[in-house]
$ cat run15.csv   # CSV, C-alpha atoms
chain,number,residue,atom,x,y,z
I,1,MET,CA,26.5,17.0,-70.5
I,2,ASP,CA,30.2,17.8,-69.8
I,3,VAL,CA,32.5,16.2,-67.1
I,4,SER,CA,32.4,19.2,-64.8
I,5,SER,CA,28.6,19.1,-64.5
I,6,LEU,CA,28.7,15.4,-63.8
I,7,ARG,CA,31.3,16.0,-61.0
I,8,GLU,CA,29.1,18.7,-59.5
I,9,MET,CA,26.1,16.3,-59.5
I,10,ASP,CA,28.1,13.6,-57.9
I,11,VAL,CA,29.4,16.0,-55.2
I,12,SER,CA,25.9,17.3,-54.5
I,13,SER,CA,24.5,13.7,-54.3
I,14,ILE,CA,27.3,12.7,-51.9
I,15,ARG,CA,26.6,15.7,-49.8
I,16,ASP,CA,22.9,15.0,-49.7
I,17,ASN,CA,23.5,11.4,-48.8
I,18,GLY,CA,25.9,12.5,-46.0
I,19,LYS,CA,23.4,14.9,-44.6
I,20,ASP,CA,20.7,12.2,-44.6
I,21,ALA,CA,23.1,9.8,-42.9
I,22,LEU,CA,24.0,12.3,-40.2
I,23,GLN,CA,20.3,13.1,-39.6
I,24,ARG,CA,19.5,9.4,-39.2
I,25,LEU,CA,22.5,9.0,-36.9
I,26,ALA,CA,21.3,11.9,-34.8
I,27,LEU,CA,17.8,10.5,-34.6
I,28,GLN,CA,19.1,7.1,-33.6
I,29,LEU,CA,21.3,8.7,-30.9
I,30,ARG,CA,18.4,10.8,-29.6
I,31,SER,CA,16.2,7.7,-29.4
I,32,SER,CA,18.9,5.8,-27.7
I,33,LEU,CA,19.4,8.5,-25.1
I,34,LYS,CA,15.7,8.7,-24.5
I,35,ALA,CA,15.5,4.9,-24.1
I,36,GLY,CA,18.4,5.0,-21.6
I,37,ALA,CA,16.8,7.8,-19.6
I,38,THR,CA,13.6,5.8,-19.5
I,39,LEU,CA,15.4,2.7,-18.1
I,40,LEU,CA,17.1,4.8,-15.4
I,41,ARG,CA,13.9,6.7,-14.5
I,42,PRO,CA,11.7,5.0,-11.9
I,43,ARG,CA,8.7,3.4,-13.5
I,44,PRO,CA,5.4,4.8,-12.5
I,45,LEU,CA,3.5,2.3,-10.4
I,46,HIS,CA,0.1,1.0,-11.0
I,47,LYS,CA,-2.4,2.7,-8.7
I,48,ARG,CA,-2.9,-0.5,-6.7
I,49,ALA,CA,0.9,-1.1,-6.4
I,50,GLN,CA,1.3,2.6,-5.4
I,51,ARG,CA,-1.1,2.1,-2.5
I,52,ARG,CA,0.8,-1.0,-1.3
I,53,ALA,CA,4.1,0.9,-1.5
I,54,GLU,CA,2.6,3.8,0.6
I,55,ASN,CA,1.2,1.3,3.1
I,56,ALA,CA,4.7,-0.3,3.3
I,57,TRP,CA,6.6,2.9,4.2
I,58,LEU,CA,3.8,3.9,6.6
I,59,LEU,CA,4.3,0.6,8.3
I,60,CYS,CA,8.0,1.1,8.5
I,61,TRP,CA,7.5,4.6,10.0
I,62,LEU,CA,5.3,3.0,12.7
I,63,LEU,CA,7.7,0.1,13.4
I,64,LYS,CA,10.6,2.6,13.6
I,65,ASP,CA,8.8,4.6,16.3
I,66,LEU,CA,7.7,1.3,18.0
I,67,GLY,CA,11.4,0.3,18.2
I,68,TRP,CA,12.4,3.7,19.4
I,69,LEU,CA,9.7,3.7,22.1
I,70,LEU,CA,11.0,0.3,23.3
I,71,LEU,CA,14.6,1.4,22.8
I,72,CYS,CA,15.1,-1.7,20.6
I,73,GLY,CA,17.7,-0.9,17.9
I,74,PRO,CA,17.3,-4.2,16.0
I,75,LEU,CA,13.7,-3.2,15.3
I,76,ALA,CA,14.1,0.5,14.9
I,77,TRP,CA,17.1,0.7,12.6
I,78,PRO,CA,16.0,-1.7,9.8
I,79,ALA,CA,12.6,-0.2,9.8
I,80,ALA,CA,14.1,3.3,9.5
I,81,ILE,CA,16.4,2.3,6.6
I,82,VAL,CA,13.6,0.6,4.7
I,83,ALA,CA,11.3,3.6,5.3
I,84,LEU,CA,14.0,6.0,4.0
I,85,VAL,CA,14.5,3.9,0.9
I,86,LEU,CA,10.8,3.6,0.1
I,87,GLN,CA,10.2,7.3,0.9
I,88,ALA,CA,13.1,8.3,-1.4
I,89,HIS,CA,11.6,6.2,-4.2
I,90,ASP,CA,8.2,7.9,-3.6
I,91,VAL,CA,9.8,11.3,-3.9
I,92,LEU,CA,11.4,10.3,-7.2
I,93,LEU,CA,8.1,9.2,-8.5
I,94,GLN,CA,6.5,12.4,-7.5
I,95,TRP,CA,9.2,14.3,-9.3
I,96,GLU,CA,8.3,12.5,-12.5
I,97,SER,CA,4.5,12.6,-12.4
I,98,GLY,CA,3.3,14.7,-9.4
I,99,THR,CA,2.7,18.3,-8.9
I,100,VAL,CA,5.3,20.7,-7.4
I,101,ALA,CA,3.4,20.8,-4.1
I,102,GLU,CA,3.3,17.0,-3.8
I,103,TRP,CA,7.0,16.7,-4.5
I,104,VAL,CA,7.9,19.5,-2.0
I,105,HIS,CA,5.9,17.9,0.8
I,106,GLY,CA,7.2,14.5,0.0
I,107,LEU,CA,10.8,15.8,0.1
I,108,ALA,CA,10.0,17.5,3.5
I,109,THR,CA,8.7,14.2,4.8
I,110,LEU,CA,11.9,12.4,3.7
I,111,CYS,CA,14.0,15.1,5.4
I,112,TRP,CA,12.0,14.8,8.6
I,113,LEU,CA,12.4,11.0,8.6
I,114,THR,CA,16.2,11.5,8.2
I,115,GLY,CA,16.3,13.9,11.1
I,116,SER,CA,14.2,11.7,13.3
I,117,SER,CA,16.4,8.7,12.5
I,118,VAL,CA,19.5,10.8,13.5
I,119,TRP,CA,17.9,11.7,16.8
I,120,MET,CA,16.9,8.1,17.5
I,121,THR,CA,20.4,6.9,16.6
I,122,ALA,CA,22.0,9.4,18.9
I,123,GLN,CA,19.7,8.4,21.8
I,124,LEU,CA,20.3,4.6,21.3
I,125,LEU,CA,24.1,5.0,21.0
I,126,PHE,CA,25.1,7.8,23.3
I,127,GLU,CA,22.4,9.1,25.6
I,128,PRO,CA,23.8,9.5,29.1
I,129,GLU,CA,20.4,9.0,30.8
I,130,ILE,CA,19.3,5.5,31.6
I,131,HIS,CA,15.5,4.9,31.2
I,132,LYS,CA,14.9,2.4,34.1
I,133,GLY,CA,11.2,2.3,33.3
I,134,ARG,CA,12.0,0.9,29.8
I,135,ALA,CA,14.6,-1.7,30.9
I,136,SER,CA,14.4,-4.9,28.9
I,137,PRO,CA,16.5,-7.8,27.7
I,138,TRP,CA,17.7,-5.6,24.8
I,139,TYR,CA,18.2,-2.3,26.7
I,140,SER,CA,20.2,-1.5,29.8
I,141,GLY,CA,21.6,1.8,28.7
I,142,SER,CA,23.3,3.3,25.6
I,143,ILE,CA,25.0,0.9,23.3
I,144,PHE,CA,28.3,2.7,23.2
I,145,THR,CA,29.9,4.6,26.1
I,146,ALA,CA,27.5,7.3,27.2
I,147,SER,CA,28.6,10.6,25.8
I,148,GLU,CA,26.5,13.8,26.4
I,149,ASP,CA,28.5,15.7,23.8
I,150,ASN,CA,27.9,13.1,21.0
I,151,TYR,CA,24.2,12.9,22.0
I,152,HIS,CA,23.8,16.6,21.8
I,153,ARG,CA,25.6,16.7,18.4
I,154,GLY,CA,23.1,14.2,17.1
I,155,VAL,CA,20.2,16.4,18.5
I,156,MET,CA,21.7,19.5,16.9
I,157,LEU,CA,22.0,17.8,13.6
I,158,MET,CA,18.3,16.8,13.8
I,159,GLN,CA,17.3,20.3,14.7
I,160,THR,CA,19.4,21.7,11.8
I,161,ILE,CA,17.6,19.4,9.3
I,162,ASP,CA,14.2,20.2,10.7
I,163,VAL,CA,14.7,23.9,10.9
I,164,SER,CA,16.0,23.9,7.3
I,165,VAL,CA,12.9,22.0,6.2
I,166,ILE,CA,10.6,24.5,8.0
I,167,VAL,CA,12.3,27.4,6.4
I,168,PHE,CA,12.1,25.7,3.0
I,169,LEU,CA,8.4,25.1,3.4
I,170,VAL,CA,7.7,28.6,4.5
I,171,GLY,CA,9.5,29.9,1.4
I,172,PHE,CA,7.5,27.5,-0.8
I,173,TYR,CA,4.2,28.7,0.8
I,174,ALA,CA,5.2,32.3,0.2
I,175,ALA,CA,6.1,31.6,-3.4
I,176,SER,CA,2.8,29.6,-3.8
I,177,PHE,CA,0.8,32.5,-2.5
I,178,TRP,CA,2.3,34.9,-5.0
I,179,GLY,CA,3.0,32.7,-8.0
I,180,GLU,CA,0.2,30.0,-7.7
I,181,VAL,CA,2.8,27.2,-7.6
I,182,TRP,CA,0.1,24.9,-6.2
I,183,SER,CA,-1.4,24.3,-9.6
I,184,THR,CA,1.8,24.1,-11.5
I,185,SER,CA,2.7,20.6,-12.5
I,186,ALA,CA,6.2,19.1,-12.8
I,187,ASP,CA,5.0,17.3,-15.9
I,188,PRO,CA,2.4,19.2,-18.1
I,189,THR,CA,2.0,16.1,-20.3
I,190,GLY,CA,1.0,14.2,-17.2
I,191,ASP,CA,-1.7,16.8,-16.5
I,192,ALA,CA,-3.1,16.4,-20.0
I,193,ILE,CA,-3.2,12.6,-19.7
I,194,ARG,CA,-4.9,12.8,-16.3
I,195,GLN,CA,-7.5,15.3,-17.8
I,196,ARG,CA,-8.1,13.0,-20.7
I,197,ARG,CA,-8.6,10.0,-18.4
I,198,ALA,CA,-11.0,12.0,-16.3
I,199,ALA,CA,-13.0,12.9,-19.3
I,200,LEU,CA,-13.1,9.3,-20.4
I,201,LYS,CA,-14.3,8.2,-17.0
I,202,ASP,CA,-17.0,10.8,-17.1
I,203,GLU,CA,-18.2,9.6,-20.5
I,204,ALA,CA,-18.1,5.9,-19.3
I,205,GLY,CA,-20.5,6.8,-16.4
I,206,ALA,CA,-20.6,8.3,-13.0
I,207,SER,CA,-21.0,4.9,-11.2
I,208,ALA,CA,-17.3,4.1,-11.2
I,209,ALA,CA,-16.4,7.6,-10.0
I,210,SER,CA,-18.8,7.4,-7.1
I,211,LEU,CA,-16.8,4.5,-5.6
I,212,GLU,CA,-14.0,6.8,-4.7
I,213,PRO,CA,-14.4,8.6,-1.4
I,214,LEU,CA,-12.8,11.8,-2.7
I,215,SER,CA,-11.9,12.6,-6.3
I,216,ARG,CA,-8.4,13.8,-7.3
I,217,ASP,CA,-9.9,16.8,-9.0
I,218,THR,CA,-11.8,17.9,-5.8
I,219,LEU,CA,-10.1,20.8,-3.9
I,220,VAL,CA,-10.1,20.7,-0.1
I,221,PHE,CA,-11.1,24.1,1.2
I,222,GLY,CA,-11.1,25.2,-2.4
I,223,VAL,CA,-7.3,25.5,-2.4
I,224,LEU,CA,-5.6,22.1,-2.0
I,225,THR,CA,-5.8,18.9,-3.9
I,226,PRO,CA,-6.4,15.8,-1.7
I,227,GLU,CA,-2.9,14.6,-2.4
I,228,VAL,CA,-1.3,17.8,-1.1
I,229,TYR,CA,-3.8,18.1,1.8
I,230,SER,CA,-2.9,14.6,3.0
I,231,LYS,CA,0.8,15.7,3.4
I,232,VAL,CA,0.4,19.1,5.1
I,233,PHE,CA,0.5,17.4,8.5
I,234,ILE,CA,4.3,17.3,8.2
I,235,VAL,CA,4.6,20.9,9.1
I,236,PRO,CA,3.1,20.7,12.7
I,237,TRP,CA,4.7,17.3,13.0
I,238,ILE,CA,8.2,18.7,12.5
I,239,LEU,CA,7.5,21.5,14.9
I,240,LYS,CA,6.4,18.9,17.4
I,241,ASP,CA,9.8,17.2,17.2
I,242,LEU,CA,11.6,20.5,17.6
I,243,PHE,CA,9.6,21.4,20.7
I,244,TRP,CA,9.9,17.9,22.1
I,245,CYS,CA,13.7,17.8,21.9
I,246,ARG,CA,13.7,21.2,23.7
I,247,GLN,CA,11.5,19.8,26.5
I,248,SER,CA,8.7,22.3,25.7
I,249,PHE,CA,5.5,20.4,26.4
I,250,ILE,CA,2.8,23.0,25.8
I,251,PRO,CA,3.8,24.0,22.2
I,252,ALA,CA,4.6,20.4,21.4
I,253,ILE,CA,1.3,19.0,22.5
I,254,LEU,CA,-0.5,21.9,20.6
I,255,CYS,CA,1.3,20.9,17.4
I,256,LEU,CA,0.4,17.2,18.1
I,257,LEU,CA,-3.2,18.1,18.7
I,258,LEU,CA,-3.3,19.9,15.3
I,259,VAL,CA,-1.8,16.8,13.7
I,260,THR,CA,-4.4,14.6,15.4
I,261,VAL,CA,-7.2,16.8,14.0
I,262,LEU,CA,-5.8,16.6,10.5
I,263,MET,CA,-5.5,12.8,10.8
I,264,ALA,CA,-9.1,12.5,11.9
I,265,ASP,CA,-10.1,14.7,9.0
I,266,TYR,CA,-8.1,12.5,6.6
I,267,LEU,CA,-9.9,9.4,8.0
I,268,TRP,CA,-13.3,11.2,7.4
I,269,LEU,CA,-12.5,12.3,3.9
I,270,PHE,CA,-10.6,9.4,2.5
I,271,LYS,CA,-12.1,6.5,4.5
I,272,LYS,CA,-9.0,4.2,4.2
I,273,TRP,CA,-7.6,1.8,6.7
I,274,LYS,CA,-4.2,3.5,6.5
I,275,ASN,CA,-5.7,6.7,7.8
I,276,LEU,CA,-7.0,4.9,10.8
I,277,ALA,CA,-3.5,3.4,11.4
I,278,VAL,CA,-1.8,6.8,11.1
I,279,LEU,CA,-4.4,8.2,13.6
I,280,LEU,CA,-3.5,5.5,16.1
I,281,TRP,CA,0.2,6.3,15.5
I,282,THR,CA,-0.4,10.0,16.3
I,283,THR,CA,-2.4,9.1,19.4
I,284,GLY,CA,0.3,6.7,20.6
I,285,THR,CA,2.9,9.4,20.0
I,286,ALA,CA,0.9,11.9,22.1
I,287,VAL,CA,0.8,9.4,25.0
I,288,TRP,CA,4.5,8.7,24.6
I,289,MET,CA,5.4,12.4,24.7
I,290,SER,CA,3.2,13.1,27.7
I,291,ASN,CA,4.8,10.2,29.6
I,292,ASP,CA,8.3,11.6,28.7
I,293,LEU,CA,7.8,15.3,29.4
I,294,VAL,CA,5.1,15.3,32.1
I,295,MET,CA,5.1,12.0,34.0
I,296,HIS,CA,8.9,11.5,33.5
I,297,GLU,CA,8.3,7.8,32.9
I,298,GLN,CA,7.3,7.1,36.5
I,299,GLU,CA,4.4,4.9,35.4
I,300,MET,CA,4.5,1.8,33.2
I,301,TRP,CA,0.9,2.0,31.8
I,302,PRO,CA,1.5,5.1,29.4
I,303,MET,CA,4.3,3.2,27.7
I,304,MET,CA,2.2,0.0,27.4
I,305,LEU,CA,-0.7,2.1,26.0
I,306,SER,CA,1.6,3.7,23.4
I,307,VAL,CA,2.8,0.2,22.5
I,308,LEU,CA,-0.8,-0.9,22.1
I,309,PHE,CA,-1.6,2.0,19.8
I,310,PHE,CA,1.5,1.3,17.7
I,311,ALA,CA,0.9,-2.4,17.5
I,312,VAL,CA,-2.7,-2.1,16.4
I,313,GLY,CA,-1.7,0.4,13.8
I,314,ALA,CA,1.0,-1.9,12.5
I,315,CYS,CA,-1.5,-4.8,12.4
I,316,ILE,CA,-3.9,-2.7,10.3
I,317,LEU,CA,-1.2,-1.7,7.8
I,318,THR,CA,0.1,-5.3,7.6
I,319,ALA,CA,-3.5,-6.5,6.9
I,320,ALA,CA,-3.9,-3.8,4.2
I,321,LEU,CA,-0.6,-5.0,2.6
I,322,VAL,CA,-1.5,-8.7,2.5
I,323,ALA,CA,-5.2,-8.3,1.7
I,324,ARG,CA,-6.3,-8.8,-1.9
I,325,PRO,CA,-8.0,-5.6,-3.3
I,326,PRO,CA,-11.7,-5.8,-4.2
I,327,ARG,CA,-12.5,-7.1,-7.6
I,328,GLU,CA,-14.2,-3.9,-8.7
I,329,ASP,CA,-11.0,-2.0,-7.8
I,330,TYR,CA,-9.0,-4.1,-10.2
I,331,TYR,CA,-11.4,-3.6,-13.1
I,332,ARG,CA,-11.8,0.1,-12.3
I,333,GLU,CA,-8.0,0.7,-12.2
I,334,SER,CA,-7.3,-1.4,-15.3
I,335,GLY,CA,-9.9,0.4,-17.3
I,336,SER,CA,-12.1,-2.6,-18.0
I,337,LYS,CA,-15.7,-2.0,-19.0
I,338,GLU,CA,-16.9,-5.3,-17.4
I,339,GLU,CA,-19.7,-5.1,-14.9
I,340,PHE,CA,-18.5,-4.8,-11.3
I,341,ASN,CA,-21.3,-6.8,-9.9
I,342,PRO,CA,-22.6,-9.9,-11.8
I,343,LEU,CA,-26.2,-10.3,-12.4
I,344,LEU,CA,-26.4,-13.9,-11.2
$ encode --input "run15.csv" --output "structure tokens"
Amino acid sequence: MDVSSLREMDVSSIRDNGKDALQRLALQLRSSLKAGATLLRPRPLHKRAQRRAENAWLLCWLLKDLGWLLLCGPLAWPAAIVALVLQAHDVLLQWESGTVAEWVHGLATLCWLTGSSVWMTAQLLFEPEIHKGRASPWYSGSIFTASEDNYHRGVMLMQTIDVSVIVFLVGFYAASFWGEVWSTSADPTGDAIRQRRAALKDEAGASAASLEPLSRDTLVFGVLTPEVYSKVFIVPWILKDLFWCRQSFIPAILCLLLVTVLMADYLWLFKKWKNLAVLLWTTGTAVWMSNDLVMHEQEMWPMMLSVLFFAVGACILTAALVARPPREDYYRESGSKEEFNPLL
């Protein structure tokens, strides 16, 4: 074998080794990027922890409205901030593992909460009207110098946010009708995993599945999943706020009546304490709005009744947060095959 052939072999071996090294480096770089993205991505919550997080931001919603009703900024603003943070985290989780419809309605809820907080802040800081019927040690008028212009700017910003959300939802519903977006998942792998888990549960036995009031795979009205159906109330709720700020009682109370019917149906279908708390929140809001637009705060008892509804709902959600889940829920969610009820 001559020198030239040896040189060619050495060059080819060096070239092959260089290609292998570059491929290993590319694989390491790709795995590092995936690991970094995994660290930055919000971790999916355990089902039980997800329920607690949902109860937490529902409690903050309710406390925000309770503070707004009492015109108590120290209660309303912290609750609104925590609710916004928790709701934003929930939207990020839905982006990773939920369907498109769940994410869209979660985003709409976050935008509504933002607009509602803007309206509340404008009222607490700049509203020119003094609510004598709600005078208290923490309220005797607007915190800053009363300014009708600044107050109306805040209301206009809230209306802009809410109208944009309604237009966005109408466009999404139109696209869903034509393109069947409802069944499209943001993560196809997640759908496959959920289908596999459902098959394993079916093989394990129907006793564990019967403990759930409504299965995830069940379609409400043959169209909506339970997760999406539990969020569609946000459409009439946003319309209620738009009519309320325009002092239009009839369309506002009709929207609120529709929300109340939906909340009662959620309670019937899901049979959870949080649904009862949200139904009380809706009922208290109806009394509050009627007192504001019809009775013009001439009586004290409607406000006290709304406070009672909100307080009872807050107590229910607080109890749901601190209470330990049933032992069978823990085993069912962790996938254990142990018996739920001991023989002795």
$ residues_around --input "run15.csv" --residues "Trp138 (chain I)" --least-positions-apart "4" --cutoff "9 Å" --atoms "only C-alpha atoms" --output "ChimeraX atom specification"
/I:71-74
$ closest_residue --input "run15.csv" --among "I:Trp68, I:Phe221, I:Phe177, I:Trp112" --to "Leu84 (chain I)" --atoms "all atoms listed in the file"
I:Trp112
$ residues_near_point --input "run15.csv" --point "(7.5, 16.4, 6.8)" --cutoff "10 Å" --atoms "all atoms listed in the file" --output "ChimeraX atom specification"
/I:104-113,162,165-166,169,231-239
$ atom_distance --input "run15.csv" --atom1 "CA of Trp57 (chain I)" --atom2 "CA of Phe172 (chain I)"
25.1 Å
$ residues_around --input "run15.csv" --residues "Met263 (chain I)" --least-positions-apart "3" --cutoff "12 Å" --atoms "all atoms listed in the file" --output "PyMOL selection string"
chain I and resi 229-234+236-237+256-260+266-283
$ atom_distance --input "run15.csv" --atom1 "CA of Gln159 (chain I)" --atom2 "CA of Val118 (chain I)"
9.8 Å
$ atom_distance --input "run15.csv" --atom1 "CA of Glu297 (chain I)" --atom2 "CA of Thr318 (chain I)"
29.6 Å
$ residues_around --input "run15.csv" --residues "Val307 (chain I)" --least-positions-apart "4" --cutoff "7 Å" --atoms "only C-alpha atoms" --output "ChimeraX atom specification"
/I:66,303,311
$ closest_residue --input "run15.csv" --among "I:Phe126, I:Thr225, I:Val91, I:Thr114" --to "Trp61 (chain I)" --atoms "only C-alpha atoms"
I:Thr114
$ residues_near_point --input "run15.csv" --point "(15.9, 6.7, 9.9)" --cutoff "8 Å" --atoms "only C-alpha atoms" --output "list in words"
Lys64, Trp77, Ala79, Ala80, Ile81, Ala83, Leu84, Leu113, Thr114, Gly115, Ser116, Ser117, Val118 and Met120 of chain I
$ closest_residue --input "run15.csv" --among "I:Pro251, I:Gly284, I:Pro226, I:Gly133" --to "Met300 (chain I)" --atoms "only C-alpha atoms"
I:Gly133
$ residues_around --input "run15.csv" --residues "Ala323 (chain I)" --least-positions-apart "4" --cutoff "12 Å" --atoms "all atoms listed in the file" --output "JSON, numbers by chain"
{"I": [48, 51, 52, 55, 273, 315, 316, 317, 318, 319, 327]}
$ residues_around --input "run15.csv" --residues "Trp288 (chain I)" --least-positions-apart "3" --cutoff "7 Å" --atoms "all atoms listed in the file" --output "list in words"
Gly284, Thr285, Asn291, Asp292, Pro302, Met303 and Ser306 of chain I
$ closest_residue --input "run15.csv" --among "I:Ala56, I:Ile143, I:Ala135, I:Ala122" --to "Asp90 (chain I)" --atoms "only C-alpha atoms"
I:Ala56
$ closest_residue --input "run15.csv" --among "I:Leu93, I:Val85, I:Val287, I:Val220" --to "Met304 (chain I)" --atoms "all atoms listed in the file"
I:Val287
$ decode --input "run15.csv" --residues "region 255-318 of chain I" --atoms "C-alpha atoms" --output "PDB file, in the first residue's frame"
ATOM      1  CA  CYS I 255     -77.366  38.174  30.584  1.00  0.00           C
ATOM      2  CA  LEU I 256     -76.991  37.617  34.308  1.00  0.00           C
ATOM      3  CA  LEU I 257     -80.044  35.347  34.321  1.00  0.00           C
ATOM      4  CA  LEU I 258     -78.436  33.251  31.584  1.00  0.00           C
ATOM      5  CA  VAL I 259     -75.230  33.034  33.633  1.00  0.00           C
ATOM      6  CA  THR I 260     -77.237  31.953  36.693  1.00  0.00           C
ATOM      7  CA  VAL I 261     -78.909  29.181  34.677  1.00  0.00           C
ATOM      8  CA  LEU I 262     -75.503  27.997  33.461  1.00  0.00           C
ATOM      9  CA  MET I 263     -74.094  28.051  36.994  1.00  0.00           C
ATOM     10  CA  ALA I 264     -77.043  26.022  38.281  1.00  0.00           C
ATOM     11  CA  ASP I 265     -76.507  23.525  35.468  1.00  0.00           C
ATOM     12  CA  TYR I 266     -72.789  23.287  36.330  1.00  0.00           C
ATOM     13  CA  LEU I 267     -73.749  22.498  39.907  1.00  0.00           C
ATOM     14  CA  TRP I 268     -76.159  19.797  38.730  1.00  0.00           C
ATOM     15  CA  LEU I 269     -73.651  18.223  36.329  1.00  0.00           C
ATOM     16  CA  PHE I 270     -70.362  18.457  38.236  1.00  0.00           C
ATOM     17  CA  LYS I 271     -71.673  18.365  41.833  1.00  0.00           C
ATOM     18  CA  LYS I 272     -68.702  20.254  43.299  1.00  0.00           C
ATOM     19  CA  TRP I 273     -68.586  22.754  46.116  1.00  0.00           C
ATOM     20  CA  LYS I 274     -66.886  25.339  43.923  1.00  0.00           C
ATOM     21  CA  ASN I 275     -69.931  25.366  41.627  1.00  0.00           C
ATOM     22  CA  LEU I 276     -72.159  26.195  44.587  1.00  0.00           C
ATOM     23  CA  ALA I 277     -69.809  29.019  45.586  1.00  0.00           C
ATOM     24  CA  VAL I 278     -69.816  30.456  42.060  1.00  0.00           C
ATOM     25  CA  LEU I 279     -73.613  30.227  41.936  1.00  0.00           C
ATOM     26  CA  LEU I 280     -73.758  32.258  45.171  1.00  0.00           C
ATOM     27  CA  TRP I 281     -71.324  34.751  43.621  1.00  0.00           C
ATOM     28  CA  THR I 282     -73.592  35.130  40.579  1.00  0.00           C
ATOM     29  CA  THR I 283     -76.682  35.573  42.759  1.00  0.00           C
ATOM     30  CA  GLY I 284     -74.951  38.186  44.904  1.00  0.00           C
ATOM     31  CA  THR I 285     -73.891  40.050  41.763  1.00  0.00           C
ATOM     32  CA  ALA I 286     -77.516  40.104  40.559  1.00  0.00           C
ATOM     33  CA  VAL I 287     -78.633  41.664  43.856  1.00  0.00           C
ATOM     34  CA  TRP I 288     -75.758  44.151  43.710  1.00  0.00           C
ATOM     35  CA  MET I 289     -76.573  45.239  40.150  1.00  0.00           C
ATOM     36  CA  SER I 290     -80.286  45.564  40.902  1.00  0.00           C
ATOM     37  CA  ASN I 291     -79.500  47.723  43.913  1.00  0.00           C
ATOM     38  CA  ASP I 292     -77.241  49.918  41.798  1.00  0.00           C
ATOM     39  CA  LEU I 293     -79.375  50.354  38.673  1.00  0.00           C
ATOM     40  CA  VAL I 294     -82.941  50.026  39.996  1.00  0.00           C
ATOM     41  CA  MET I 295     -82.961  50.965  43.677  1.00  0.00           C
ATOM     42  CA  HIS I 296     -80.073  53.465  43.340  1.00  0.00           C
ATOM     43  CA  GLU I 297     -78.645  52.326  46.703  1.00  0.00           C
ATOM     44  CA  GLN I 298     -81.513  53.828  48.682  1.00  0.00           C
ATOM     45  CA  GLU I 299     -81.775  50.747  50.906  1.00  0.00           C
ATOM     46  CA  MET I 300     -79.077  49.051  52.962  1.00  0.00           C
ATOM     47  CA  TRP I 301     -80.429  45.480  52.917  1.00  0.00           C
ATOM     48  CA  PRO I 302     -79.577  44.656  49.241  1.00  0.00           C
ATOM     49  CA  MET I 303     -75.919  45.445  49.849  1.00  0.00           C
ATOM     50  CA  MET I 304     -75.899  43.374  53.053  1.00  0.00           C
ATOM     51  CA  LEU I 305     -77.552  40.494  51.166  1.00  0.00           C
ATOM     52  CA  SER I 306     -74.881  40.650  48.471  1.00  0.00           C
ATOM     53  CA  VAL I 307     -72.172  40.688  51.144  1.00  0.00           C
ATOM     54  CA  LEU I 308     -73.790  37.611  52.695  1.00  0.00           C
ATOM     55  CA  PHE I 309     -73.800  35.732  49.371  1.00  0.00           C
ATOM     56  CA  PHE I 310     -70.168  36.655  48.702  1.00  0.00           C
ATOM     57  CA  ALA I 311     -69.068  35.782  52.240  1.00  0.00           C
ATOM     58  CA  VAL I 312     -70.746  32.366  52.185  1.00  0.00           C
ATOM     59  CA  GLY I 313     -69.224  31.624  48.784  1.00  0.00           C
ATOM     60  CA  ALA I 314     -65.785  32.664  50.062  1.00  0.00           C
ATOM     61  CA  CYS I 315     -66.173  30.403  53.096  1.00  0.00           C
ATOM     62  CA  ILE I 316     -67.096  27.453  50.861  1.00  0.00           C
ATOM     63  CA  LEU I 317     -64.055  27.971  48.631  1.00  0.00           C
ATOM     64  CA  THR I 318     -61.773  28.438  51.639  1.00  0.00           C
TER      65      THR I 318
END
